[in-house]
>>> print(open('data-v8.txt').read())   # compact mmCIF, C-alpha atoms
# COMPACT_ATOMS: atom_id res chain seq x y z
CA MET A 94 -9.71 -0.71 -20.33
CA LEU A 95 -7.56 1.24 -17.90
CA LYS A 96 -3.92 1.82 -18.72
CA ALA A 97 -1.50 2.06 -15.81
CA VAL A 98 2.19 2.66 -15.21
CA VAL A 99 3.87 1.56 -11.98
CA ILE A 100 6.86 3.61 -10.88
CA GLY A 101 9.17 1.76 -8.49
CA SER A 102 10.77 -1.63 -7.99
CA GLY A 103 10.37 -2.40 -4.29
CA ASN A 104 8.02 -4.84 -2.58
CA VAL A 105 4.83 -2.79 -3.07
CA ALA A 106 5.63 -2.03 -6.71
CA GLN A 107 6.39 -5.66 -7.51
CA HIS A 108 3.21 -6.95 -5.86
CA LEU A 109 1.12 -4.34 -7.72
CA ILE A 110 2.76 -5.28 -11.01
CA GLN A 111 1.85 -8.93 -10.44
CA ALA A 112 -1.71 -8.05 -9.41
CA PHE A 113 -2.32 -5.91 -12.51
CA GLU A 114 -0.73 -8.51 -14.75
CA ASN A 115 -3.26 -11.03 -13.46
CA THR A 116 -6.35 -9.00 -14.30
CA VAL A 117 -7.81 -8.49 -17.78
CA GLN A 118 -9.43 -5.14 -16.90
CA VAL A 119 -6.09 -3.31 -16.62
CA THR A 120 -3.29 -2.92 -19.10
CA LEU A 121 -0.01 -2.40 -17.33
CA VAL A 122 1.66 -0.60 -20.19
CA GLN A 123 4.97 -0.06 -18.44
CA ALA A 124 6.95 -0.03 -15.21
CA TYR A 125 9.73 2.36 -14.30
CA ALA A 126 12.71 1.28 -12.21
CA ARG A 127 15.94 3.11 -11.52
CA ASN A 128 17.53 -0.34 -11.89
CA PRO A 129 15.39 -2.05 -14.57
CA GLU A 130 16.94 -5.45 -13.93
CA ARG A 131 15.04 -5.59 -10.62
CA LEU A 132 11.81 -6.05 -12.59
CA ALA A 133 13.16 -8.32 -15.32
CA HIS A 134 11.60 -11.40 -13.71
CA LEU A 135 8.14 -9.80 -13.88
CA LEU A 136 7.96 -8.03 -17.24
CA PRO A 137 9.61 -8.20 -20.66
CA THR A 138 12.37 -5.66 -21.10
CA ASP A 139 10.40 -3.59 -23.64
CA ARG A 140 7.86 -2.78 -20.90
CA ILE A 141 10.44 -1.58 -18.39
CA THR A 142 12.18 1.79 -18.54
CA GLY A 143 14.92 3.35 -16.48
CA SER A 144 14.33 6.85 -17.86
CA PHE A 145 11.55 9.24 -16.93
CA ASP A 146 11.81 10.69 -20.44
CA ASN A 147 10.58 7.38 -21.83
CA VAL A 148 7.59 6.87 -19.53
CA ALA A 149 4.60 5.74 -21.60
CA ALA A 150 1.18 7.37 -21.82
CA ALA A 151 -1.38 5.98 -19.36
CA ASP A 152 -4.57 6.80 -17.48
CA ILE A 153 -2.96 6.45 -14.05
CA TYR A 154 0.63 6.60 -12.82
CA ILE A 155 1.27 4.82 -9.52
CA ILE A 156 4.36 5.94 -7.59
CA ALA A 157 5.40 3.06 -5.33
CA VAL A 158 8.73 4.24 -3.92
CA THR A 159 10.04 5.06 -0.44
CA ASP A 160 8.21 7.87 1.33
CA ASP A 161 11.20 10.21 1.19
CA ALA A 162 11.43 9.88 -2.60
CA ILE A 163 7.77 10.47 -3.51
CA ALA A 164 7.94 14.26 -3.89
CA GLU A 165 11.13 14.15 -5.95
CA VAL A 166 9.92 11.38 -8.23
CA SER A 167 6.64 13.18 -8.89
CA SER A 168 8.55 16.35 -9.76
CA LEU A 169 10.70 14.47 -12.29
CA LEU A 170 7.78 13.21 -14.36
CA PRO A 171 8.04 14.99 -17.75
CA PHE A 172 4.32 15.68 -18.24
CA SER A 173 1.45 17.56 -16.63
CA GLY A 174 -2.30 17.26 -16.22
CA ARG A 175 -2.28 13.47 -15.76
CA LEU A 176 -3.43 11.45 -12.75
CA VAL A 177 -0.46 10.60 -10.52
CA VAL A 178 -0.93 8.76 -7.21
CA HIS A 179 1.31 7.37 -4.51
CA THR A 180 0.94 4.24 -2.37
CA SER A 181 2.16 5.57 0.98
CA GLY A 182 0.28 5.35 4.24
CA SER A 183 1.94 8.39 5.79
CA VAL A 184 2.64 10.91 3.00
CA ASP A 185 0.12 13.70 2.38
CA VAL A 186 -1.39 13.79 -1.11
CA GLU A 187 -0.13 17.36 -1.47
CA GLN A 188 3.46 16.09 -1.45
CA LEU A 189 2.89 15.08 -5.06
CA ASP A 190 3.90 17.71 -7.60
CA GLU A 191 0.92 19.93 -8.38
CA LYS A 192 1.61 19.97 -12.13
CA ASN A 193 -0.38 16.73 -12.30
CA ARG A 194 -3.73 15.64 -10.86
CA ARG A 195 -3.02 14.05 -7.51
CA GLY A 196 -4.32 11.08 -5.57
CA VAL A 197 -3.53 8.17 -3.27
CA PHE A 198 -3.79 4.42 -3.94
CA TYR A 199 -2.80 2.88 -0.59
CA PRO A 200 -3.00 -0.92 -0.22
CA LEU A 201 -3.08 -1.58 3.52
CA GLN A 202 -1.00 -4.72 3.83
CA THR A 203 2.50 -5.87 4.73
CA PHE A 204 4.40 -6.90 1.61
CA SER A 205 7.44 -9.14 1.65
CA LYS A 206 9.61 -10.29 -1.21
CA ASN A 207 8.61 -13.69 -2.64
CA LYS A 208 5.57 -13.93 -0.31
CA ALA A 209 2.36 -14.06 -2.35
CA VAL A 210 -0.68 -12.10 -1.15
CA ASP A 211 -4.37 -12.25 -2.09
CA PHE A 212 -5.16 -8.74 -3.28
CA LYS A 213 -8.89 -9.49 -3.27
CA VAL A 214 -8.96 -9.22 0.54
CA ILE A 215 -6.53 -6.30 0.85
CA PRO A 216 -8.16 -2.96 1.74
CA ILE A 217 -7.23 -0.24 -0.75
CA CYS A 218 -7.58 3.31 0.58
CA LEU A 219 -8.28 5.98 -2.02
CA GLU A 220 -8.02 9.76 -2.10
CA SER A 221 -8.28 12.21 -4.97
CA GLY A 222 -8.92 15.86 -5.70
CA ASN A 223 -12.17 15.40 -7.63
CA SER A 224 -14.96 12.91 -8.25
CA GLU A 225 -13.83 12.05 -11.79
CA ASP A 226 -10.37 11.01 -10.63
CA TYR A 227 -11.83 9.15 -7.68
CA ALA A 228 -14.01 7.15 -10.08
CA LEU A 229 -10.89 6.17 -12.04
CA LEU A 230 -9.08 5.10 -8.89
CA GLU A 231 -12.13 3.18 -7.68
CA GLN A 232 -12.35 1.41 -11.02
CA LEU A 233 -8.67 0.51 -10.87
CA ALA A 234 -8.86 -0.69 -7.26
CA GLY A 235 -11.93 -2.77 -8.03
CA THR A 236 -10.04 -4.82 -10.59
CA ILE A 237 -7.77 -6.29 -7.90
CA SER A 238 -9.58 -5.85 -4.55
CA ASN A 239 -13.02 -6.31 -3.02
CA ASN A 240 -12.29 -3.87 -0.18
CA ILE A 241 -12.18 -0.20 -1.16
CA TYR A 242 -12.27 2.73 1.27
CA THR A 243 -12.38 6.50 0.92
CA ILE A 244 -9.69 7.73 3.32
CA ASN A 245 -8.35 11.29 3.42
CA SER A 246 -4.73 12.18 4.25
CA ALA A 247 -5.39 12.89 7.94
CA GLN A 248 -7.27 9.60 8.37
CA ARG A 249 -4.56 7.75 6.47
CA ARG A 250 -1.86 9.00 8.83
CA SER A 251 -3.91 7.74 11.77
CA LEU A 252 -4.51 4.44 10.01
CA HIS A 253 -0.81 4.03 9.30
CA VAL A 254 0.08 4.57 12.97
CA ALA A 255 -2.54 1.97 13.94
CA ALA A 256 -1.12 -0.40 11.32
CA VAL A 257 2.38 -0.05 12.77
CA PHE A 258 1.03 -1.14 16.16
CA VAL A 259 -0.98 -4.13 14.91
CA SER A 260 1.56 -5.33 12.33
CA ASN A 261 5.13 -4.06 12.75
CA PHE A 262 5.16 -4.00 16.55
CA THR A 263 3.28 -7.29 16.76
CA ASN A 264 5.83 -8.90 14.47
CA HIS A 265 8.59 -7.59 16.71
CA MET A 266 6.90 -9.36 19.62
CA TYR A 267 7.09 -12.54 17.54
CA ALA A 268 10.81 -11.88 17.15
CA VAL A 269 11.20 -11.48 20.92
CA GLY A 270 9.30 -14.72 21.49
CA HIS A 271 11.44 -16.45 18.86
CA ASP A 272 14.60 -15.25 20.59
CA ILE A 273 13.42 -16.55 23.98
CA CYS A 274 12.53 -19.92 22.46
CA THR A 275 15.86 -20.20 20.67
CA LYS A 276 17.84 -19.39 23.81
CA ASN A 277 15.97 -22.12 25.70
CA ASN A 278 16.05 -24.82 23.00
CA ILE A 279 12.31 -24.65 22.30
CA PRO A 280 10.94 -24.87 18.73
CA PHE A 281 9.12 -21.63 17.85
CA ASP A 282 6.50 -23.72 16.00
CA ILE A 283 4.95 -24.54 19.38
CA LEU A 284 3.72 -20.94 19.57
CA LYS A 285 2.20 -20.76 16.08
CA PRO A 286 -1.26 -22.17 16.98
CA LEU A 287 -1.44 -19.58 19.80
CA ILE A 288 -0.47 -16.79 17.39
CA GLN A 289 -3.10 -17.92 14.89
CA GLU A 290 -5.87 -18.20 17.50
CA THR A 291 -5.04 -14.81 18.98
CA ALA A 292 -5.34 -13.21 15.54
CA ALA A 293 -8.51 -15.16 14.71
CA LYS A 294 -10.33 -14.08 17.90
CA ILE A 295 -10.57 -10.44 16.86
CA LYS A 296 -12.81 -11.45 13.97
CA GLU A 297 -15.50 -12.09 16.61
CA LEU A 298 -14.36 -10.12 19.65
CA SER A 299 -13.00 -6.63 20.21
CA PRO A 300 -9.30 -6.55 21.20
CA GLN A 301 -10.36 -5.57 24.74
CA GLN A 302 -12.74 -8.54 24.99
CA ALA A 303 -10.08 -10.90 23.62
CA GLN A 304 -7.37 -9.80 26.06
CA THR A 305 -6.06 -12.53 28.34
CA GLY A 306 -2.86 -13.05 30.33
CA PRO A 307 -1.35 -12.12 33.68
CA ALA A 308 -1.52 -8.34 33.14
CA ILE A 309 -5.30 -8.24 32.67
CA ARG A 310 -5.75 -10.64 35.61
CA ASN A 311 -3.38 -8.58 37.78
CA ASP A 312 -1.47 -11.79 38.47
CA GLN A 313 1.48 -10.18 40.22
CA ARG A 314 3.15 -13.46 41.17
CA THR A 315 3.39 -14.54 37.52
CA ILE A 316 4.46 -11.07 36.39
CA GLU A 317 7.26 -10.95 38.95
CA SER A 318 8.35 -14.46 37.97
CA HIS A 319 8.53 -13.46 34.29
CA LEU A 320 10.53 -10.33 35.06
CA GLU A 321 12.94 -12.34 37.17
CA PHE A 322 13.37 -14.81 34.31
CA LEU A 323 14.15 -12.16 31.68
CA ASP A 324 17.84 -11.28 31.63
CA ASP A 325 17.67 -9.08 28.53
CA VAL A 326 17.27 -5.46 29.67
CA ASN A 327 15.33 -4.44 26.56
CA GLN A 328 12.93 -7.39 26.80
CA LYS A 329 12.40 -6.67 30.50
CA ALA A 330 11.56 -3.02 29.68
CA ILE A 331 9.10 -4.02 26.95
CA TYR A 332 7.43 -6.55 29.25
CA THR A 333 7.09 -3.96 32.02
CA LEU A 334 5.68 -1.27 29.72
CA LEU A 335 3.12 -3.57 28.11
CA THR A 336 2.12 -5.05 31.47
CA GLN A 337 1.41 -1.53 32.72
CA SER A 338 -0.39 -0.51 29.52
CA ILE A 339 -2.82 -3.45 29.26
CA PRO A 340 -4.91 -2.80 32.41
CA LYS A 341 -4.89 0.96 31.77
CA ALA A 342 -6.26 0.46 28.25
CA HIS A 343 -8.87 -1.97 29.55
CA VAL A 344 -10.12 0.48 32.19
CA GLN A 345 -10.32 3.29 29.62
CA LYS A 346 -12.55 1.19 27.37
CA LEU A 347 -14.99 0.16 30.10
>>> encode(input="data-v8.txt", output="structure tokens")
Amino acid sequence: MLKAVVIGSGNVAQHLIQAFENTVQVTLVQAYARNPERLAHLLPTDRITGSFDNVAAADIYIIAVTDDAIAEVSSLLPFSGRLVVHTSGSVDVEQLDEKNRRGVFYPLQTFSKNKAVDFKVIPICLESGNSEDYALLEQLAGTISNNIYTINSAQRRSLHVAAVFVSNFTNHMYAVGHDICTKNNIPFDILKPLIQETAAKIKELSPQQAQTGPAIRNDQRTIESHLEFLDDVNQKAIYTLLTQSIPKAHVQKL
């Protein structure tokens, strides 16, 4: 049975803790948190530490902290020669302190506090310095997910940029739509079936094939009407940029 320690107390760390706690193939021996009380609702106090000096022995140490803190946290670990991985989509594996064996355990998903996720469908992207460590990471990932990928640091950076576009930027478009609805006394729920169908279509069609709307049709009358309606300068700029980008991207893919 694999023994793991999770280092961190943010959204990713907390979701990983819950996932490992729900599988019998992994023993989560401990979690580290700078503020241990942040994990008190997930683990008994004797399995949480706020001191690196008290970190327990394990097969794998998973650093799930902010990107800027990964290098420092890895340097503070008071041991060497053990397998230490981070969960970031954008940090190179070599940012981990070289005194330990290094790897990446990157779950590609958006995690929010108090919003449950099904880890079985979440892709987990793995990277390691040797085949033995990769086998350990693959074994660990397989206990919580059915989707495991070998992704190196360069690929992971590309993947993270793509993820920002399809998730973070898309969610911001939801926020813009929500704002427009609110200002015009329209319930945002009206748009939810459209959002769900748009997301569902790319299971069967490429994004280019699924594209609809006035930009792809070159419907200038509708576009001009929308721009005239928008009184928010930022929203008008976003609309203009995306309207220009859509037909260009479509032509490039033909």
>>> residues_around(input="data-v8.txt", residues="stretch 144-155 of chain A", least_positions_apart="4", cutoff="7 Å", atoms="all atoms listed in the file", output="list in words")
Leu95, Lys96, Ala97, Val98, Val99, Ile100, Gln123, Leu170, Pro171, Leu176, Val177, Val178 and His179 of chain A
>>> atom_distance(input="data-v8.txt", atom1="atom CA of A:Pro200", atom2="atom CA of A:Ile237")
10.5 Å
>>> atom_distance(input="data-v8.txt", atom1="atom CA of A:Leu284", atom2="atom CA of A:Asn311")
23.1 Å
>>> residues_around(input="data-v8.txt", residues="A:Thr336", least_positions_apart="3", cutoff="10 Å", atoms="all atoms listed in the file", output="list in words")
Gly306, Pro307, Ala308, Ile309, Asn311, Ile316, Ala330, Ile331, Tyr332, Thr333, Ile339, Pro340 and Lys341 of chain A
>>> residues_around(input="data-v8.txt", residues="A:Asp190", least_positions_apart="6", cutoff="12 Å", atoms="all atoms listed in the file", output="list in words")
Ile156, Ala162, Ile163, Ala164, Glu165, Val166, Ser167, Ser168, Leu169, Leu170, Pro171, Phe172, Ser173, Gly174, Arg175, Leu176, Val177, Val178, His179 and Gly196 of chain A
>>> residues_around(input="data-v8.txt", residues="stretch 240-246 of chain A", least_positions_apart="3", cutoff="8 Å", atoms="all atoms listed in the file", output="ChimeraX atom specification")
/A:183-186,213-220,231,234-235,249-250
>>> atom_distance(input="data-v8.txt", atom1="atom CA of A:Asp139", atom2="atom CA of A:Tyr125")
11.1 Å
>>> residues_around(input="data-v8.txt", residues="A:Thr138", least_positions_apart="4", cutoff="10 Å", atoms="only C-alpha atoms", output="ChimeraX atom specification")
/A:123-124,129-130,132-134,142
>>> closest_residue(input="data-v8.txt", among="A:Leu298, A:Leu233, A:Leu189, A:Ala255", to="A:Met94", atoms="all atoms listed in the file")
A:Leu233
>>> closest_residue(input="data-v8.txt", among="A:Glu114, A:Asp272, A:Asp282, A:Glu321", to="A:Pro137", atoms="all atoms listed in the file")
A:Glu114
>>> closest_residue(input="data-v8.txt", among="A:Ile283, A:Asp226, A:Ser102, A:Val158", to="A:Arg131", atoms="only C-alpha atoms")
A:Ser102
>>> closest_residue(input="data-v8.txt", among="A:Cys274, A:Ala268, A:Ile279, A:Ala106", to="A:Tyr199", atoms="all atoms listed in the file")
A:Ala106
